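Participant: Following this line is data29.cif, made up of mmCIF, C-alpha atoms and all ligand atoms; chains and numbers go by the auth columns:
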data_upload
loop_
_atom_site.group_PDB
_atom_site.id
_atom_site.type_symbol
_atom_site.label_atom_id
_atom_site.label_comp_id
_atom_site.label_asym_id
_atom_site.label_seq_id
_atom_site.Cartn_x
_atom_site.Cartn_y
_atom_site.Cartn_z
_atom_site.B_iso_or_equiv
_atom_site.auth_seq_id
_atom_site.auth_asym_id
ATOM 1 C CA MET A 1 143.035 173.006 226.958 0.00 954 A
ATOM 2 C CA LYS A 2 140.968 175.342 229.043 0.00 955 A
ATOM 3 C CA LEU A 3 143.287 178.292 228.757 0.00 956 A
ATOM 4 C CA PRO A 4 142.917 179.076 225.020 0.00 957 A
ATOM 5 C CA ILE A 5 139.129 178.953 225.306 0.00 958 A
ATOM 6 C CA PHE A 6 139.306 181.286 228.256 0.00 959 A
ATOM 7 C CA ILE A 7 141.491 183.665 226.249 0.00 960 A
ATOM 8 C CA ILE A 8 139.172 183.472 223.227 0.00 961 A
ATOM 9 C CA VAL A 9 136.179 184.256 225.428 0.00 962 A
ATOM 10 C CA LEU A 10 138.028 187.192 226.968 0.00 963 A
ATOM 11 C CA LEU A 11 139.168 188.407 223.572 0.00 964 A
ATOM 12 C CA SER A 12 135.714 188.233 221.995 0.00 965 A
ATOM 13 C CA ALA A 13 134.273 189.997 225.040 0.00 966 A
ATOM 14 C CA GLU A 14 136.842 192.733 224.522 0.00 967 A
ATOM 15 C CA LEU A 15 136.059 192.932 220.811 0.00 968 A
ATOM 16 C CA SER A 16 132.322 193.173 221.338 0.00 969 A
ATOM 17 C CA LYS A 17 132.958 195.735 224.073 0.00 970 A
ATOM 18 C CA ALA A 18 134.903 197.881 221.644 0.00 971 A
ATOM 19 C CA ASP A 19 132.049 198.546 219.249 0.00 972 A
ATOM 20 C CA ILE A 20 128.827 198.584 221.220 0.00 973 A
ATOM 21 C CA ILE A 21 127.723 201.744 219.348 0.00 974 A
ATOM 22 C CA ALA A 22 126.261 200.875 215.955 0.00 975 A
ATOM 23 C CA SER A 23 125.676 204.363 214.549 0.00 976 A
ATOM 24 C CA CYS A 24 125.122 207.992 215.535 0.00 977 A
ATOM 25 C CA ASP A 25 123.223 209.373 212.548 0.00 978 A
ATOM 26 C CA LYS A 26 121.855 212.901 212.513 0.00 979 A
ATOM 27 C CA ASP A 27 118.282 212.902 213.795 0.00 980 A
ATOM 28 C CA ASP A 28 116.674 216.239 212.900 0.00 981 A
ATOM 29 C CA PHE A 29 113.456 215.464 214.761 0.00 982 A
ATOM 30 C CA GLN A 30 115.159 214.727 218.091 0.00 983 A
ATOM 31 C CA LEU A 31 117.612 217.596 217.597 0.00 984 A
ATOM 32 C CA ASP A 32 114.765 220.023 216.995 0.00 985 A
ATOM 33 C CA GLY A 33 113.033 218.733 220.118 0.00 986 A
ATOM 34 C CA GLN A 34 116.168 219.388 222.125 0.00 987 A
ATOM 35 C CA ILE A 35 116.472 222.927 220.773 0.00 988 A
ATOM 36 C CA SER A 36 112.770 223.623 221.414 0.00 989 A
ATOM 37 C CA SER A 37 113.104 222.409 224.990 0.00 990 A
ATOM 38 C CA ARG A 38 116.171 224.581 225.550 0.00 991 A
ATOM 39 C CA ILE A 39 114.360 227.631 224.118 0.00 992 A
ATOM 40 C CA THR A 40 111.501 227.022 226.532 0.00 993 A
ATOM 41 C CA TYR A 41 113.777 226.428 229.512 0.00 994 A
ATOM 42 C CA ALA A 42 115.864 229.520 228.752 0.00 995 A
ATOM 43 C CA SER A 43 112.707 231.608 228.588 0.00 996 A
ATOM 44 C CA VAL A 44 110.870 230.179 231.607 0.00 997 A
ATOM 45 C CA TYR A 45 113.917 229.999 233.889 0.00 998 A
ATOM 46 C CA LYS A 46 115.652 233.138 232.538 0.00 999 A
ATOM 47 C CA ILE A 47 118.846 231.486 231.394 0.00 1000 A
ATOM 48 C CA ALA A 48 120.795 234.154 229.481 0.00 1001 A
ATOM 49 C CA ASN A 49 123.574 232.001 228.034 0.00 1002 A
ATOM 50 C CA MET A 50 121.777 228.886 226.796 0.00 1003 A
ATOM 51 C CA TYR A 51 123.465 227.491 223.675 0.00 1004 A
ATOM 52 C CA GLU A 52 121.654 226.001 220.738 0.00 1005 A
ATOM 53 C CA VAL A 53 122.732 222.356 220.461 0.00 1006 A
ATOM 54 C CA LYS A 54 123.934 220.898 217.189 0.00 1007 A
ATOM 55 C CA HIS A 55 124.605 217.458 215.831 0.00 1008 A
ATOM 56 C CA ASP A 56 128.366 217.192 216.308 0.00 1009 A
ATOM 57 C CA PRO A 57 130.346 214.360 214.685 0.00 1010 A
ATOM 58 C CA ARG A 58 133.199 215.118 217.084 0.00 1011 A
ATOM 59 C CA LEU A 59 130.946 213.987 219.913 0.00 1012 A
ATOM 60 C CA GLU A 60 130.486 210.622 218.189 0.00 1013 A
ATOM 61 C CA LYS A 61 134.207 209.995 218.495 0.00 1014 A
ATOM 62 C CA ILE A 62 134.064 210.829 222.206 0.00 1015 A
ATOM 63 C CA ALA A 63 131.002 208.623 222.632 0.00 1016 A
ATOM 64 C CA ARG A 64 132.664 205.680 220.891 0.00 1017 A
ATOM 65 C CA GLU A 65 135.796 206.081 222.994 0.00 1018 A
ATOM 66 C CA ASN A 66 133.870 206.181 226.256 0.00 1019 A
ATOM 67 C CA PHE A 67 130.741 204.093 225.789 0.00 1020 A
ATOM 68 C CA LYS A 68 132.034 200.562 225.400 0.00 1021 A
ATOM 69 C CA SER A 69 129.670 198.602 227.581 0.00 1022 A
ATOM 70 C CA CYS A 70 126.283 199.029 229.215 0.00 1023 A
ATOM 71 C CA SER A 71 127.985 199.947 232.501 0.00 1024 A
ATOM 72 C CA ASP A 72 129.406 203.071 230.813 0.00 1025 A
ATOM 73 C CA TYR A 73 125.993 204.758 231.058 0.00 1026 A
ATOM 74 C CA LYS A 74 127.357 207.668 233.069 0.00 1027 A
ATOM 75 C CA HIS A 75 128.728 211.175 232.624 0.00 1028 A
ATOM 76 C CA GLY A 76 132.309 211.758 231.498 0.00 1029 A
ATOM 77 C CA LYS A 77 134.813 214.559 231.766 0.00 1030 A
ATOM 78 C CA ASN A 78 133.767 216.227 228.484 0.00 1031 A
ATOM 79 C CA PHE A 79 130.269 214.884 227.913 0.00 1032 A
ATOM 80 C CA ARG A 80 127.057 214.082 229.764 0.00 1033 A
ATOM 81 C CA VAL A 81 124.596 211.273 229.108 0.00 1034 A
ATOM 82 C CA LEU A 82 120.907 212.130 228.772 0.00 1035 A
ATOM 83 C CA GLY A 83 118.972 210.426 231.545 0.00 1036 A
ATOM 84 C CA ALA A 84 121.909 209.194 233.622 0.00 1037 A
ATOM 85 C CA PRO A 85 121.602 210.137 237.320 0.00 1038 A
ATOM 86 C CA HIS A 86 123.084 213.543 238.056 0.00 1039 A
ATOM 87 C CA GLU A 87 125.114 214.833 240.964 0.00 1040 A
ATOM 88 C CA LYS A 88 122.876 215.747 243.914 0.00 1041 A
ATOM 89 C CA GLU A 89 124.439 219.204 244.302 0.00 1042 A
ATOM 90 C CA TYR A 90 123.270 220.177 240.803 0.00 1043 A
ATOM 91 C CA ASP A 91 119.697 220.486 242.080 0.00 1044 A
ATOM 92 C CA ALA A 92 120.935 223.038 244.624 0.00 1045 A
ATOM 93 C CA ILE A 93 122.900 224.927 241.960 0.00 1046 A
ATOM 94 C CA PHE A 94 119.826 225.104 239.748 0.00 1047 A
ATOM 95 C CA LYS A 95 117.639 226.124 242.679 0.00 1048 A
ATOM 96 C CA LYS A 96 120.029 228.994 243.400 0.00 1049 A
ATOM 97 C CA HIS A 97 119.704 230.120 239.785 0.00 1050 A
ATOM 98 C CA LEU A 98 115.899 230.024 240.024 0.00 1051 A
ATOM 99 C CA LYS A 99 116.080 232.179 243.138 0.00 1052 A
ATOM 100 C CA ALA A 100 118.322 234.722 241.390 0.00 1053 A
ATOM 101 C CA ALA A 101 115.890 234.689 238.449 0.00 1054 A
ATOM 102 C CA ASN A 102 112.955 235.423 240.804 0.00 1055 A
ATOM 103 C CA TYR A 103 111.275 232.220 239.704 0.00 1056 A
ATOM 104 C CA THR A 104 108.433 231.877 242.164 0.00 1057 A
ATOM 105 C CA ASP A 105 106.223 229.151 240.743 0.00 1058 A
ATOM 106 C CA LEU A 106 105.195 226.432 243.127 0.00 1059 A
ATOM 107 C CA ASP A 107 106.625 223.556 241.157 0.00 1060 A
ATOM 108 C CA ASP A 108 110.106 222.562 242.137 0.00 1061 A
ATOM 109 C CA PRO A 109 112.019 221.930 238.918 0.00 1062 A
ATOM 110 C CA LYS A 110 115.103 219.784 239.307 0.00 1063 A
ATOM 111 C CA TYR A 111 118.288 219.917 237.307 0.00 1064 A
ATOM 112 C CA GLN A 112 118.348 217.809 234.172 0.00 1065 A
ATOM 113 C CA GLU A 113 120.807 217.630 231.300 0.00 1066 A
ATOM 114 C CA ALA A 114 118.731 219.718 228.846 0.00 1067 A
ATOM 115 C CA LEU A 115 119.105 222.645 231.286 0.00 1068 A
ATOM 116 C CA HIS A 116 122.897 222.848 231.082 0.00 1069 A
ATOM 117 C CA PRO A 117 123.418 226.148 229.214 0.00 1070 A
ATOM 118 C CA LEU A 118 126.966 225.434 228.054 0.00 1071 A
ATOM 119 C CA GLN A 119 126.267 222.234 226.147 0.00 1072 A
ATOM 120 C CA TYR A 120 126.344 222.857 222.406 0.00 1073 A
ATOM 121 C CA SER A 121 126.886 219.404 220.972 0.00 1074 A
ATOM 122 C CA PHE A 122 124.239 216.691 220.903 0.00 1075 A
ATOM 123 C CA ILE A 123 124.197 213.234 219.425 0.00 1076 A
ATOM 124 C CA ILE A 124 122.011 210.140 219.639 0.00 1077 A
ATOM 125 C CA CYS A 125 123.687 206.798 219.156 0.00 1078 A
ATOM 126 C CA ARG A 126 122.064 203.467 218.440 0.00 1079 A
ATOM 127 C CA LEU A 127 123.574 200.534 220.282 0.00 1080 A
ATOM 128 C CA LYS A 128 124.096 197.006 218.996 0.00 1081 A
ATOM 129 C CA VAL A 129 122.681 195.609 222.218 0.00 1082 A
ATOM 130 C CA ASN A 130 119.914 196.345 224.671 0.00 1083 A
ATOM 131 C CA CYS A 131 121.257 197.790 227.886 0.00 1084 A
ATOM 132 C CA SER A 132 119.537 198.044 231.255 0.00 1085 A
ATOM 133 C CA MET A 133 120.520 201.511 232.298 0.00 1086 A
ATOM 134 C CA PRO A 134 120.153 203.407 235.538 0.00 1087 A
ATOM 135 C CA VAL A 135 118.106 206.605 235.265 0.00 1088 A
ATOM 136 C CA GLU A 136 116.785 208.991 237.907 0.00 1089 A
ATOM 137 C CA GLY A 137 114.461 206.846 239.973 0.00 1090 A
ATOM 138 C CA GLY A 138 114.810 203.539 238.190 0.00 1091 A
ATOM 139 C CA THR A 139 116.183 201.451 235.367 0.00 1092 A
ATOM 140 C CA LEU A 140 115.307 201.575 231.689 0.00 1093 A
ATOM 141 C CA LYS A 141 116.035 199.078 228.960 0.00 1094 A
ATOM 142 C CA SER A 142 117.365 200.894 225.932 0.00 1095 A
ATOM 143 C CA ASN A 143 119.252 200.461 222.696 0.00 1096 A
ATOM 144 C CA THR A 144 119.946 204.163 222.251 0.00 1097 A
ATOM 145 C CA VAL A 145 121.993 206.681 224.209 0.00 1098 A
ATOM 146 C CA ALA A 146 122.045 210.462 223.783 0.00 1099 A
ATOM 147 C CA PHE A 147 125.125 212.516 224.609 0.00 1100 A
ATOM 148 C CA TYR A 148 125.641 216.219 225.304 0.00 1101 A
ATOM 149 C CA GLY A 149 129.019 217.940 225.028 0.00 1102 A
ATOM 150 C CA PRO A 150 131.421 219.499 225.734 0.00 1103 A
ATOM 151 C CA GLN A 151 130.716 219.914 229.461 0.00 1104 A
ATOM 152 C CA GLY A 152 131.158 217.066 231.908 0.00 1105 A
ATOM 153 C CA THR A 153 130.212 219.085 234.989 0.00 1106 A
ATOM 154 C CA LEU A 154 128.010 222.007 236.042 0.00 1107 A
ATOM 155 C CA SER A 155 129.353 224.943 238.070 0.00 1108 A
ATOM 156 C CA PRO A 156 127.228 227.649 239.699 0.00 1109 A
ATOM 157 C CA SER A 157 128.795 230.247 237.373 0.00 1110 A
ATOM 158 C CA ASP A 158 127.648 228.284 234.295 0.00 1111 A
ATOM 159 C CA LEU A 159 124.075 229.562 234.720 0.00 1112 A
ATOM 160 C CA LYS A 160 123.628 233.259 233.867 0.00 1113 A
ATOM 161 C CA VAL A 161 120.396 235.039 234.729 0.00 1114 A
ATOM 162 C CA GLY A 162 118.712 237.103 232.015 0.00 1115 A
ATOM 163 C CA PRO A 163 116.613 236.980 228.871 0.00 1116 A
ATOM 164 C CA PRO A 164 117.526 234.068 226.559 0.00 1117 A
ATOM 165 C CA GLY A 165 120.425 234.921 224.280 0.00 1118 A
ATOM 166 C CA SER A 166 121.417 238.040 226.216 0.00 1119 A
ATOM 167 C CA GLN A 167 124.817 236.683 227.294 0.00 1120 A
ATOM 168 C CA CYS A 168 126.269 234.906 224.278 0.00 1121 A
ATOM 169 C CA PRO A 169 130.017 234.914 223.611 0.00 1122 A
ATOM 170 C CA TYR A 170 129.561 234.430 219.841 0.00 1123 A
ATOM 171 C CA GLY A 171 126.155 236.022 219.305 0.00 1124 A
ATOM 172 C CA LYS A 172 122.741 234.538 218.789 0.00 1125 A
ATOM 173 C CA ALA A 173 121.400 231.869 216.486 0.00 1126 A
ATOM 174 C CA GLU A 174 118.216 232.380 214.467 0.00 1127 A
ATOM 175 C CA ARG A 175 115.870 231.001 217.118 0.00 1128 A
ATOM 176 C CA GLY A 176 117.283 233.149 219.921 0.00 1129 A
ATOM 177 C CA LEU A 177 119.706 230.868 221.739 0.00 1130 A
ATOM 178 C CA CYS A 178 123.453 231.391 221.737 0.00 1131 A
ATOM 179 C CA ILE A 179 125.441 230.331 218.668 0.00 1132 A
ATOM 180 C CA ALA A 180 126.987 226.958 219.271 0.00 1133 A
ATOM 181 C CA TRP A 181 130.576 227.765 218.459 0.00 1134 A
ATOM 182 C CA PRO A 182 132.415 230.467 216.521 0.00 1135 A
ATOM 183 C CA ARG A 183 131.574 230.332 212.867 0.00 1136 A
ATOM 184 C CA GLY A 184 134.345 228.689 210.889 0.00 1137 A
ATOM 185 C CA ALA A 185 135.803 227.080 214.005 0.00 1138 A
ATOM 186 C CA GLY A 186 133.785 223.883 213.911 0.00 1139 A
ATOM 187 C CA SER A 187 132.873 221.139 211.509 0.00 1140 A
ATOM 188 C CA SER A 188 130.911 221.664 208.313 0.00 1141 A
ATOM 189 C CA THR A 189 127.694 221.188 210.270 0.00 1142 A
ATOM 190 C CA ASP A 190 127.920 224.702 211.698 0.00 1143 A
ATOM 191 C CA SER A 191 127.991 226.542 208.368 0.00 1144 A
ATOM 192 C CA LYS A 192 124.218 226.977 208.464 0.00 1145 A
ATOM 193 C CA THR A 193 124.286 228.839 211.754 0.00 1146 A
ATOM 194 C CA GLY A 194 122.643 232.155 211.156 0.00 1147 A
ATOM 195 C CA PRO A 195 124.278 235.437 212.100 0.00 1148 A
ATOM 196 C CA PRO A 196 123.316 236.962 215.437 0.00 1149 A
ATOM 197 C CA SER A 197 119.856 238.412 214.969 0.00 1150 A
ATOM 198 C CA ALA A 198 120.074 242.176 214.763 0.00 1151 A
ATOM 199 C CA GLN A 199 116.361 242.527 215.462 0.00 1152 A
ATOM 200 C CA CYS A 200 116.462 241.158 218.985 0.00 1153 A
ATOM 201 C CA PRO A 201 119.773 242.117 220.538 0.00 1154 A
ATOM 202 C CA ASN A 202 118.518 241.572 224.071 0.00 1155 A
ATOM 203 C CA GLY A 203 116.460 238.465 223.510 0.00 1156 A
ATOM 204 C CA GLU A 204 113.072 240.190 223.644 0.00 1157 A
ATOM 205 C CA CYS A 205 112.018 238.345 220.527 0.00 1158 A
ATOM 206 C CA ILE A 206 111.545 235.159 222.525 0.00 1159 A
ATOM 207 C CA ALA A 207 107.890 235.200 223.409 0.00 1160 A
ATOM 208 C CA GLU A 208 107.451 235.267 227.154 0.00 1161 A
ATOM 209 C CA SER A 209 103.853 234.648 227.972 0.00 1162 A
ATOM 210 C CA LYS A 210 103.617 235.128 231.727 0.00 1163 A
ATOM 211 C CA SER A 211 100.564 232.984 232.155 0.00 1164 A
ATOM 212 C CA GLY A 212 101.932 230.283 229.913 0.00 1165 A
ATOM 213 C CA GLN A 213 105.349 230.145 231.525 0.00 1166 A
ATOM 214 C CA ARG A 214 104.771 227.394 233.968 0.00 1167 A
ATOM 215 C CA ARG A 215 102.778 225.305 231.518 0.00 1168 A
ATOM 216 C CA ASP A 216 105.518 225.685 228.893 0.00 1169 A
ATOM 217 C CA GLY A 217 108.116 224.584 231.403 0.00 1170 A
ATOM 218 C CA MET A 218 106.091 221.521 232.243 0.00 1171 A
ATOM 219 C CA GLU A 219 105.567 220.750 228.575 0.00 1172 A
ATOM 220 C CA ALA A 220 109.287 220.930 227.941 0.00 1173 A
ATOM 221 C CA MET A 221 109.911 218.624 230.892 0.00 1174 A
ATOM 222 C CA ILE A 222 107.269 216.236 229.623 0.00 1175 A
ATOM 223 C CA TYR A 223 108.830 216.353 226.163 0.00 1176 A
ATOM 224 C CA VAL A 224 112.232 215.471 227.565 0.00 1177 A
ATOM 225 C CA PHE A 225 110.659 212.679 229.589 0.00 1178 A
ATOM 226 C CA PHE A 226 109.090 211.256 226.457 0.00 1179 A
ATOM 227 C CA LEU A 227 112.342 211.639 224.592 0.00 1180 A
ATOM 228 C CA ILE A 228 114.067 209.548 227.239 0.00 1181 A
ATOM 229 C CA ALA A 229 111.190 207.093 227.171 0.00 1182 A
ATOM 230 C CA SER A 230 111.156 206.826 223.381 0.00 1183 A
ATOM 231 C CA LEU A 231 114.891 206.338 223.377 0.00 1184 A
ATOM 232 C CA SER A 232 114.640 203.785 226.079 0.00 1185 A
ATOM 233 C CA PHE A 233 111.803 201.351 225.568 0.00 1186 A
ATOM 234 C CA VAL A 234 113.025 198.908 223.014 0.00 1187 A
HETATM 235 C C1 LIG B . 114.613 239.956 241.136 0.00 1 B
HETATM 236 O O1 LIG B . 113.973 240.792 242.072 0.00 1 B
HETATM 237 C C2 LIG B . 114.852 241.768 242.641 0.00 1 B
HETATM 238 C C3 LIG B . 114.076 242.494 243.719 0.00 1 B
HETATM 239 O O2 LIG B . 112.821 242.919 243.247 0.00 1 B
HETATM 240 C C4 LIG B . 115.368 242.700 241.553 0.00 1 B
HETATM 241 O O3 LIG B . 116.269 243.630 242.084 0.00 1 B
HETATM 242 C C5 LIG B . 116.091 241.875 240.493 0.00 1 B
HETATM 243 O O4 LIG B . 116.491 242.688 239.420 0.00 1 B
HETATM 244 C C6 LIG B . 115.190 240.763 239.978 0.00 1 B
HETATM 245 N N1 LIG B . 115.969 239.911 239.073 0.00 1 B
HETATM 246 C C7 LIG B . 115.513 239.501 237.888 0.00 1 B
HETATM 247 C C8 LIG B . 116.432 238.642 237.105 0.00 1 B
HETATM 248 O O5 LIG B . 114.408 239.786 237.449 0.00 1 B
HETATM 249 C C1 LIG B . 116.336 194.264 222.143 0.00 2 B
HETATM 250 O O1 LIG B . 115.050 194.127 222.694 0.00 2 B
HETATM 251 C C2 LIG B . 114.021 194.018 221.716 0.00 2 B
HETATM 252 C C3 LIG B . 112.682 194.026 222.421 0.00 2 B
HETATM 253 O O2 LIG B . 112.733 193.380 223.651 0.00 2 B
HETATM 254 C C4 LIG B . 114.254 192.758 220.892 0.00 2 B
HETATM 255 O O3 LIG B . 113.256 192.639 219.900 0.00 2 B
HETATM 256 C C5 LIG B . 115.614 192.843 220.231 0.00 2 B
HETATM 257 O O4 LIG B . 115.898 191.647 219.515 0.00 2 B
HETATM 258 C C6 LIG B . 116.707 193.080 221.247 0.00 2 B
HETATM 259 N N1 LIG B . 117.950 193.337 220.555 0.00 2 B
HETATM 260 C C7 LIG B . 119.088 192.740 220.880 0.00 2 B
HETATM 261 C C8 LIG B . 120.289 193.119 220.078 0.00 2 B
HETATM 262 O O5 LIG B . 119.180 191.942 221.794 0.00 2 B
#
Give the structure from the file, written as C-alpha cells.
Ligand SMILES: *[C@@H]1O[C@H](CO)[C@@H](O)[C@H](O)[C@H]1NC(C)=O
Ligand SMILES: *[C@@H]1O[C@H](CO)[C@@H](O)[C@H](O)[C@H]1NC(C)=O
Facilitator:
Amino acid sequence: MKLPIFIIVLLSAELSKADIIASCDKDDFQLDGQISSRITYASVYKIANMYEVKHDPRLEKIARENFKSCSDYKHGKNFRVLGAPHEKEYDAIFKKHLKAANYTDLDDPKYQEALHPLQYSFIICRLKVNCSMPVEGGTLKSNTVAFYGPQGTLSPSDLKVGPPGSQCPYGKAERGLCIAWPRGAGSSTDSKTGPPSAQCPNGECIAESKSGQRRDGMEAMIYVFFLIASLSFV
C-alpha cells in the first residue's frame, strides 16, 4: 500500500525536477546591460580579448540539461552561473591581470562572471519555482537564473592585457569587443554581427577617460549587482 505512493511521490519529484526552467526568452535590455558592462570592464581593466556576449539558444539546451533543481545553482563544465560563488583562486588570477595592466586604483576589484573575457553566450532563464540560491556573501531568493557560456573555468592565460578588442581571433564587433564566434559558424542569431571595424583596428575607439575610469568600473559593478538583485528578488 505504501510502496506505490512512495514511487508516485518519487516519480513526480523526478518529473518536476526535469523541467524547472520555464523559458529562456531573449531579453534585449539585460543583454545590452551585459555588453555595456563588458565594454566598461575591458576598457578600465585593459582586457584585450573580451568577447561581446550574445543570446545563444544553444546555451538554453545546456541550461535545461544541467539546471534541474534549486541545488544546481553552480558552475558547470561548459557554462557559469551569474552570481554563484566563484573559485577563490580566480580573485588571485584577476589580481595578477590587474598588476600586468598597471591598474593602480585603490579599490580592490574581485573576479566576477561578467569579467570572464572568453564567454560569448548569455541567457536568462525564468524558473517555475522560487529558489533560495547561494551567492557571494549570502543567499538570494530568485525565480530567474542567468548563464554564461561556453567556459566553465578561468585560466590565467584567458585574460590578455591590452586595449579592448586588440586581441580578437575573429575580429571586432561594432561596439569594440571581440566578435562572439566566426560568422556563419553559429546560429541565426549571429547574422547581425557587424564586420570588424576598420576604423579602430587597435581598439582606440573605445573612449578611455582616465579620470572617469574608476567611476565607470564602479558603475559597471553596481549595474551587475543590480542585475543580480533584479533577477533575484521575487
Ligand atoms: C606597465 O608598466 C610597465 C613599466 O612602466 C611597462 O613596461 C608596461 O608596458 C606597462 N603595461 C601596460 C599594459 O600598460
Ligand atoms: C515566488 O515568490 C513570490 C513572492 O514571494 C510569490 O508571489 C510567487 O507566488 C512565488 N512563486 C512560486 C512558483 O512559488
Participant: What is the atom CA of A:Gly1105 to atom CA of A:Ala1133 distance in Å?
Facilitator: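 Between these atoms lies a distance of 16.6 Å.
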Participant: Hey, which residues sit close to ligand LIG 1 (chain B)? Say within 8 Å, counting all atoms listed in the file, and write them as a list of chain:residue names.
Facilitator: A:Lys999, A:Ala1053, A:Ala1054, A:Asn1055, A:Val1114, A:Gly1115
Participant: Write the residues of the preceding selection, restricted to C-alpha atoms, as a compact mmCIF listing (two decimals), keeping the file's coordinate frame.
Facilitator:
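Saved as out_30.txt:
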# COMPACT_ATOMS: atom_id res chain seq x y z
CA LYS A 999 115.65 233.14 232.54
CA ALA A 1053 118.32 234.72 241.39
CA ALA A 1054 115.89 234.69 238.45
CA ASN A 1055 112.96 235.42 240.80
CA VAL A 1114 120.40 235.04 234.73
CA GLY A 1115 118.71 237.10 232.02
Participant: Find the axis-aligned box for stretch 1033-1039 of chain A, covering all its listed atoms and adding 3 Å on each side, and write its centre and edge lengths in Å to one decimal as AutoDock Vina command-line options.
Facilitator:
--center_x 123.0 --center_y 211.6 --center_z 233.4 --size_x 14.1 --size_y 10.9 --size_z 15.3
Participant: Around the point (134.9, 212.3, 230.5) in the file's coordinates, collect all residues with an atom within 9 Å, using all atoms listed in the file, and return them as a CSV table (one decimal) with C-alpha atoms, in the coordinates of the input.
Facilitator:
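To be explicit, this is the file written out as out-v2.csv:
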chain,number,residue,atom,x,y,z
A,1015,ILE,CA,134.1,210.8,222.2
A,1019,ASN,CA,133.9,206.2,226.3
A,1028,HIS,CA,128.7,211.2,232.6
A,1029,GLY,CA,132.3,211.8,231.5
A,1030,LYS,CA,134.8,214.6,231.8
A,1031,ASN,CA,133.8,216.2,228.5
A,1032,PHE,CA,130.3,214.9,227.9
A,1033,ARG,CA,127.1,214.1,229.8
A,1104,GLN,CA,130.7,219.9,229.5
A,1105,GLY,CA,131.2,217.1,231.9
Participant: May I have the residues within 7 Å of ligand LIG 2 (chain B), computed using only C-alpha atoms and all ligand atoms, as a CSV table (one decimal) with C-alpha atoms, keeping the file's coordinate frame?
Facilitator:
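Below you can see out09.csv, which holds the result:
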chain,number,residue,atom,x,y,z
A,1081,LYS,CA,124.1,197.0,219.0
A,1082,VAL,CA,122.7,195.6,222.2
A,1083,ASN,CA,119.9,196.3,224.7
A,1096,ASN,CA,119.3,200.5,222.7
A,1187,VAL,CA,113.0,198.9,223.0
Participant: Tell me, in Å to one decimal, how far atom CA of A:Phe982 is from atom CA of A:Leu1080.
Facilitator: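 Computed distance, atom CA of A:Phe982 to atom CA of A:Leu1080, equals 18.9 Å.
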Participant: Between atom CA of A:Ile1046 and atom CA of A:Pro1109, measure the distance and give it in Å to one decimal.
Facilitator: 5.6 Å
Participant: Kindly indicate which residue among A:Ile988, A:Leu1068, A:Leu1035, A:Cys1131 lies nearest to A:Ala1001, using only C-alpha atoms for the distances.
Facilitator: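 Counting only C-alpha atoms, the residue closest to A:Ala1001 is A:Cys1131.
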Participant: For the structure provided, state which residues fall under the PyMOL selection byres (((chain A and resi 1006-1008) around 6) and not hetatm), and present them as a ChimeraX atom specification.
Facilitator: /A:1005,1009,1073-1076
Participant: Using the chain letters and numbers from the file, which residues does the PyMOL selection byres (((chain A and resi 1023) around 8) and not hetatm) grab, as a ChimeraX atom specification?
Facilitator: /A:1020-1022,1024-1026,1084-1086
Participant: Pull out every residue that the PyMOL selection byres (((chain A and resi 1098) around 6) and not hetatm) matches in the shown coordinates and put them as a PyMOL selection string.
Facilitator: chain A and resi 1077-1078+1097+1099
Participant: Between A:Phe1047, A:Leu984, A:Ala1126, A:Met1003, which has the minimum distance to A:Ser1108 (counting all atoms listed in the file)?
Facilitator: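 Comparing A:Phe1047, A:Leu984, A:Ala1126, A:Met1003 against A:Ser1108, the winner is A:Phe1047.
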